[in-house]
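This is coords_31.pdb. It holds PDB, C-alpha atoms.
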```pdb
ATOM      1  CA  MET A   1      19.643  29.044   0.993
ATOM      2  CA  ILE A   2      22.545  26.926  -0.246
ATOM      3  CA  SER A   3      25.193  26.430   2.375
ATOM      4  CA  PRO A   4      28.728  27.365   1.405
ATOM      5  CA  PRO A   5      31.391  24.669   1.646
ATOM      6  CA  CYS A   6      32.721  24.119   5.104
ATOM      7  CA  SER A   7      35.996  22.714   6.329
ATOM      8  CA  THR A   8      34.362  19.580   7.675
ATOM      9  CA  THR A   9      32.278  18.022   4.945
ATOM     10  CA  PRO A  10      29.355  15.956   6.226
ATOM     11  CA  LYS A  11      29.896  12.228   5.925
ATOM     12  CA  TYR A  12      27.253  11.716   3.261
ATOM     13  CA  ALA A  13      27.446  14.971   1.294
ATOM     14  CA  PRO A  14      27.363  14.026  -2.380
ATOM     15  CA  ILE A  15      28.354  17.493  -3.680
ATOM     16  CA  ARG A  16      30.473  20.288  -2.236
ATOM     17  CA  ILE A  17      29.239  23.609  -3.640
ATOM     18  CA  GLY A  18      31.684  26.506  -4.070
ATOM     19  CA  ASP A  19      30.715  30.077  -3.137
ATOM     20  CA  GLY A  20      30.388  31.303  -6.729
ATOM     21  CA  ALA A  21      28.202  28.415  -7.797
ATOM     22  CA  ALA A  22      26.101  28.718  -4.639
ATOM     23  CA  GLY A  23      25.215  32.297  -5.567
ATOM     24  CA  SER A  24      24.303  31.301  -9.115
ATOM     25  CA  MET A  25      22.230  28.373  -7.885
ATOM     26  CA  GLU A  26      20.359  30.594  -5.432
ATOM     27  CA  LYS A  27      19.554  32.998  -8.285
ATOM     28  CA  LEU A  28      18.230  30.119 -10.371
ATOM     29  CA  ILE A  29      16.059  28.979  -7.465
ATOM     30  CA  ALA A  30      14.711  32.517  -7.119
ATOM     31  CA  LEU A  31      13.968  32.627 -10.857
ATOM     32  CA  MET A  32      12.118  29.297 -10.657
ATOM     33  CA  ARG A  33      10.064  30.541  -7.703
ATOM     34  CA  SER A  34       9.166  33.788  -9.433
ATOM     35  CA  GLU A  35       8.178  31.904 -12.605
ATOM     36  CA  LEU A  36       5.928  29.653 -10.520
ATOM     37  CA  GLN A  37       4.215  32.663  -8.972
ATOM     38  CA  LEU A  38       3.914  34.566 -12.243
ATOM     39  CA  GLU A  39       0.467  34.429 -13.769
ATOM     40  CA  GLY A  40       0.894  32.618 -17.056
ATOM     41  CA  GLY A  41       4.270  31.312 -15.926
ATOM     42  CA  SER A  42       5.686  28.564 -18.077
ATOM     43  CA  SER A  43       6.723  25.101 -16.948
ATOM     44  CA  PHE A  44       9.120  25.066 -19.902
ATOM     45  CA  VAL A  45      10.965  28.088 -18.518
ATOM     46  CA  ILE A  46      11.177  26.381 -15.123
ATOM     47  CA  LYS A  47      12.528  23.235 -16.774
ATOM     48  CA  HIS A  48      15.284  25.255 -18.429
ATOM     49  CA  TYR A  49      16.195  26.934 -15.138
ATOM     50  CA  LEU A  50      16.215  23.516 -13.484
ATOM     51  CA  ASN A  51      18.422  22.143 -16.239
ATOM     52  CA  ALA A  52      20.888  25.018 -15.692
ATOM     53  CA  PHE A  53      20.796  24.332 -11.930
ATOM     54  CA  LEU A  54      21.572  20.639 -12.484
ATOM     55  CA  LEU A  55      24.391  21.450 -14.920
ATOM     56  CA  LEU A  56      25.952  23.737 -12.302
ATOM     57  CA  ALA A  57      25.602  21.015  -9.685
ATOM     58  CA  GLU A  58      27.256  18.496 -12.007
ATOM     59  CA  ARG A  59      30.154  20.874 -12.665
ATOM     60  CA  GLU A  60      30.587  21.494  -8.944
ATOM     61  CA  LYS A  61      30.604  17.773  -8.281
ATOM     62  CA  LYS A  62      33.477  17.365 -10.739
ATOM     63  CA  LEU A  63      35.387  20.450  -9.557
ATOM     64  CA  ASN A  64      35.000  19.859  -5.823
ATOM     65  CA  PRO A  65      35.204  16.148  -5.055
ATOM     66  CA  VAL A  66      34.544  15.208  -1.465
ATOM     67  CA  ASN A  67      37.887  13.835  -0.291
ATOM     68  CA  SER A  68      37.618  14.051   3.452
ATOM     69  CA  PRO A  69      39.926  11.876   5.569
ATOM     70  CA  ASP A  70      37.077  11.002   7.922
ATOM     71  CA  LEU A  71      35.074   9.193   5.243
ATOM     72  CA  HIS A  72      33.778   5.803   6.246
ATOM     73  CA  HIS A  73      35.852   2.803   5.123
ATOM     74  CA  HIS A  74      32.897   1.451   3.135
ATOM     75  CA  ASP A  75      32.682   4.577   0.981
ATOM     76  CA  THR A  76      34.871   3.175  -1.789
ATOM     77  CA  ARG A  77      32.508   0.257  -2.205
ATOM     78  CA  ILE A  78      29.485   2.540  -1.972
ATOM     79  CA  ILE A  79      30.907   4.757  -4.723
ATOM     80  CA  GLN A  80      31.493   1.657  -6.849
ATOM     81  CA  LEU A  81      27.993   0.428  -6.020
ATOM     82  CA  ARG A  82      26.449   3.749  -7.040
ATOM     83  CA  ARG A  83      28.308   3.610 -10.341
ATOM     84  CA  LEU A  84      27.160   0.042 -10.885
ATOM     85  CA  VAL A  85      23.545   0.971 -10.092
ATOM     86  CA  GLU A  86      23.782   3.947 -12.452
ATOM     87  CA  LYS A  87      25.049   1.720 -15.238
ATOM     88  CA  ASN A  88      22.564  -1.145 -14.741
ATOM     89  CA  PHE A  89      19.406   0.133 -13.015
ATOM     90  CA  ARG A  90      17.303  -0.163 -16.165
ATOM     91  CA  GLN A  91      17.960  -3.885 -16.573
ATOM     92  CA  GLU A  92      18.869  -5.096 -13.092
ATOM     93  CA  HIS A  93      16.501  -4.468 -10.200
ATOM     94  CA  GLN A  94      17.697  -7.205  -7.791
ATOM     95  CA  ALA A  95      20.312  -6.752  -5.049
ATOM     96  CA  GLY A  96      21.819 -10.142  -5.885
ATOM     97  CA  PHE A  97      23.077  -8.878  -9.235
ATOM     98  CA  TYR A  98      24.999  -6.058  -7.562
ATOM     99  CA  ALA A  99      26.288  -8.281  -4.761
ATOM    100  CA  THR A 100      27.912 -10.701  -7.219
ATOM    101  CA  HIS A 101      30.067  -7.854  -8.556
ATOM    102  CA  PHE A 102      31.537  -7.461  -5.083
ATOM    103  CA  SER A 103      31.760 -11.206  -4.404
ATOM    104  CA  LEU A 104      29.376 -10.697  -1.495
ATOM    105  CA  THR A 105      25.967 -11.979  -0.581
ATOM    106  CA  ALA A 106      23.049  -9.628  -1.099
ATOM    107  CA  LYS A 107      22.557  -9.595   2.665
ATOM    108  CA  ARG A 108      26.157  -8.479   3.315
ATOM    109  CA  LEU A 109      26.072  -5.798   0.611
ATOM    110  CA  ASN A 110      22.803  -4.511   2.071
ATOM    111  CA  GLU A 111      24.438  -4.348   5.515
ATOM    112  CA  ILE A 112      27.319  -2.319   4.086
ATOM    113  CA  ALA A 113      24.969   0.030   2.242
ATOM    114  CA  LYS A 114      22.680   0.407   5.249
ATOM    115  CA  ASP A 115      25.664   1.223   7.462
ATOM    116  CA  ALA A 116      27.139   3.750   5.031
ATOM    117  CA  ILE A 117      24.083   5.514   3.553
ATOM    118  CA  ASN A 118      21.149   4.114   5.519
ATOM    119  CA  LYS A 119      19.614   2.542   2.396
ATOM    120  CA  THR A 120      19.493  -0.975   1.045
ATOM    121  CA  VAL A 121      20.679  -1.795  -2.464
ATOM    122  CA  THR A 122      17.056  -2.243  -3.505
ATOM    123  CA  ASP A 123      16.262   1.227  -2.135
ATOM    124  CA  MET A 124      19.123   2.655  -4.199
ATOM    125  CA  VAL A 125      17.879   0.962  -7.360
ATOM    126  CA  HIS A 126      14.282   1.978  -6.710
ATOM    127  CA  ASP A 127      15.295   5.592  -6.021
ATOM    128  CA  ARG A 128      17.178   5.669  -9.312
ATOM    129  CA  LEU A 129      14.251   4.109 -11.193
ATOM    130  CA  VAL A 130      11.855   6.695  -9.774
ATOM    131  CA  LEU A 131      14.242   9.526 -10.609
ATOM    132  CA  GLU A 132      14.567   8.331 -14.201
ATOM    133  CA  ALA A 133      10.826   7.797 -14.482
ATOM    134  CA  LYS A 134      10.234  11.365 -13.276
ATOM    135  CA  ARG A 135      12.769  12.695 -15.777
ATOM    136  CA  GLN A 136      11.140  10.796 -18.611
ATOM    137  CA  LEU A 137       7.654  11.873 -17.564
ATOM    138  CA  ALA A 138       8.702  15.510 -17.276
ATOM    139  CA  PHE A 139      11.062  15.895 -20.218
ATOM    140  CA  SER A 140       9.897  13.434 -22.875
ATOM    141  CA  ASN A 141       6.753  12.846 -24.858
ATOM    142  CA  ARG A 142       6.906   9.088 -24.295
ATOM    143  CA  ASN A 143       3.831   7.487 -22.862
ATOM    144  CA  VAL A 144       3.896   5.658 -19.527
ATOM    145  CA  LYS A 145       3.973   2.261 -21.220
ATOM    146  CA  GLU A 146       7.132   3.136 -23.181
ATOM    147  CA  ILE A 147       8.835   4.493 -20.070
ATOM    148  CA  CYS A 148       7.821   1.360 -18.186
ATOM    149  CA  TYR A 149       9.489  -0.928 -20.725
ATOM    150  CA  GLU A 150      12.578   1.261 -20.991
ATOM    151  CA  LEU A 151      13.069   0.978 -17.233
ATOM    152  CA  GLY A 152      12.912  -2.817 -17.302
ATOM    153  CA  PHE A 153       9.362  -3.330 -16.102
ATOM    154  CA  GLU A 154       7.331  -5.925 -17.969
ATOM    155  CA  ASP A 155       3.900  -4.804 -16.790
ATOM    156  CA  PRO A 156       2.712  -1.179 -17.053
ATOM    157  CA  ALA A 157       0.194  -1.750 -14.254
ATOM    158  CA  TYR A 158       2.961  -2.961 -11.943
ATOM    159  CA  PHE A 159       5.116   0.024 -12.931
ATOM    160  CA  SER A 160       2.252   2.398 -12.095
ATOM    161  CA  ARG A 161       1.754   0.724  -8.684
ATOM    162  CA  PHE A 162       5.512   0.875  -8.040
ATOM    163  CA  PHE A 163       5.629   4.573  -8.974
ATOM    164  CA  ARG A 164       2.580   5.396  -6.833
ATOM    165  CA  HIS A 165       3.993   3.481  -3.865
ATOM    166  CA  ARG A 166       7.309   5.367  -4.086
ATOM    167  CA  THR A 167       5.920   8.853  -4.823
ATOM    168  CA  GLY A 168       2.342   8.894  -3.584
ATOM    169  CA  ILE A 169       0.934   9.740  -7.029
ATOM    170  CA  SER A 170       0.490   7.891 -10.313
ATOM    171  CA  PRO A 171       2.755   8.551 -13.311
ATOM    172  CA  HIS A 172      -0.136  10.311 -15.078
ATOM    173  CA  GLU A 173      -0.794  12.537 -12.048
ATOM    174  CA  PHE A 174       2.918  13.346 -11.847
ATOM    175  CA  ARG A 175       3.012  14.385 -15.508
ATOM    176  CA  GLU A 176      -0.069  16.568 -14.988
ATOM    177  CA  THR A 177       1.503  18.354 -12.000
ATOM    178  CA  VAL A 178       4.669  19.041 -13.990
ATOM    179  CA  PHE A 179       2.709  20.713 -16.794
ATOM    180  CA  LYS A 180       0.445  22.850 -14.600
TER     181      LYS A 180
END
```

Final structure tokens representation of the file:
Amino acid sequence: MISPPCSTTPKYAPIRIGDGAAGSMEKLIALMRSELQLEGGSSFVIKHYLNAFLLLAEREKKLNPVNSPDLHHHDTRIIQLRRLVEKNFRQEHQAGFYATHFSLTAKRLNEIAKDAINKTVTDMVHDRLVLEAKRQLAFSNRNVKEICYELGFEDPAYFSRFFRHRTGISPHEFRETVFK
């Protein structure tokens, strides 16, 4: 069940969901579950429900920004860091690149990130790479090698090891589970 917005937003909540959207999102979740359980259910239908769910979440993020006075003083930099990672994750995988944009050492930026969100800059970049890889594997017809190069990896074998290490399954296994 999706929790309605509360007066005290958790420190690390990325999205505040309004009551109306929460109801719609719960219905979409129920539709995805029923499609999964339906004999002959379609992964394409689930993908469309998921897409609608993500569009609602994106709208809620824009409509209900988290502006709580108790936010940590590093949050401005973390927001900037997340934007920078989002813009550059395909080409730049090293924490040093991101640290130079803040005129900090990689070690100091990692300390700030660890304190604020309990992740290092490298973890943030890797999480974003895995998310994009999953999206590409699920929603495109590109082969693993093409996805690998698009995400800035030079060696498909290394990309496959990276993906397996982060997810527990290979890119090919992931694609197979999506299309079951």

(request) Report as a list in words the residues that result from applying the PyMOL selection byres ((chain A and resi 90) around 7) to the structure here. (result) Asn88, Phe89, Gln91, Glu92, Glu150, Leu151 and Gly152 of chain A

(request) Between atom CA of Asn51 of chain A and atom CA of Ser24 of chain A, measure the distance and give it in Å to one decimal. (result)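 Pair atom CA of Asn51 of chain A / atom CA of Ser24 of chain A returns 13.0 Å.
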
(request) Using all atoms listed in the file, find the one residue out of A:His93, A:Phe44, A:Tyr149, A:Ala52 that sits nearest to Lys27 of chain A. (result)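 Comparing A:His93, A:Phe44, A:Tyr149, A:Ala52 against Lys27 of chain A, the winner is A:Ala52.
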
(request) Would you mind telling me which residue in A:Ile78, A:Arg175, A:Phe97, A:Asn143 lies nearest to Glu111 of chain A when using only C-alpha atoms? (result)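 So, comparing all the options, the nearest one is A:Ile78.
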
(request) List the residues matched by the PyMOL selection byres ((chain A and resi 134-141) around 12) in the displayed structure as a PyMOL selection string, ordered by chain and then by residue number. (result) chain A and resi 43-44+46-48+50-51+127-133+142-148+150-151+163-164+166-167+169-180
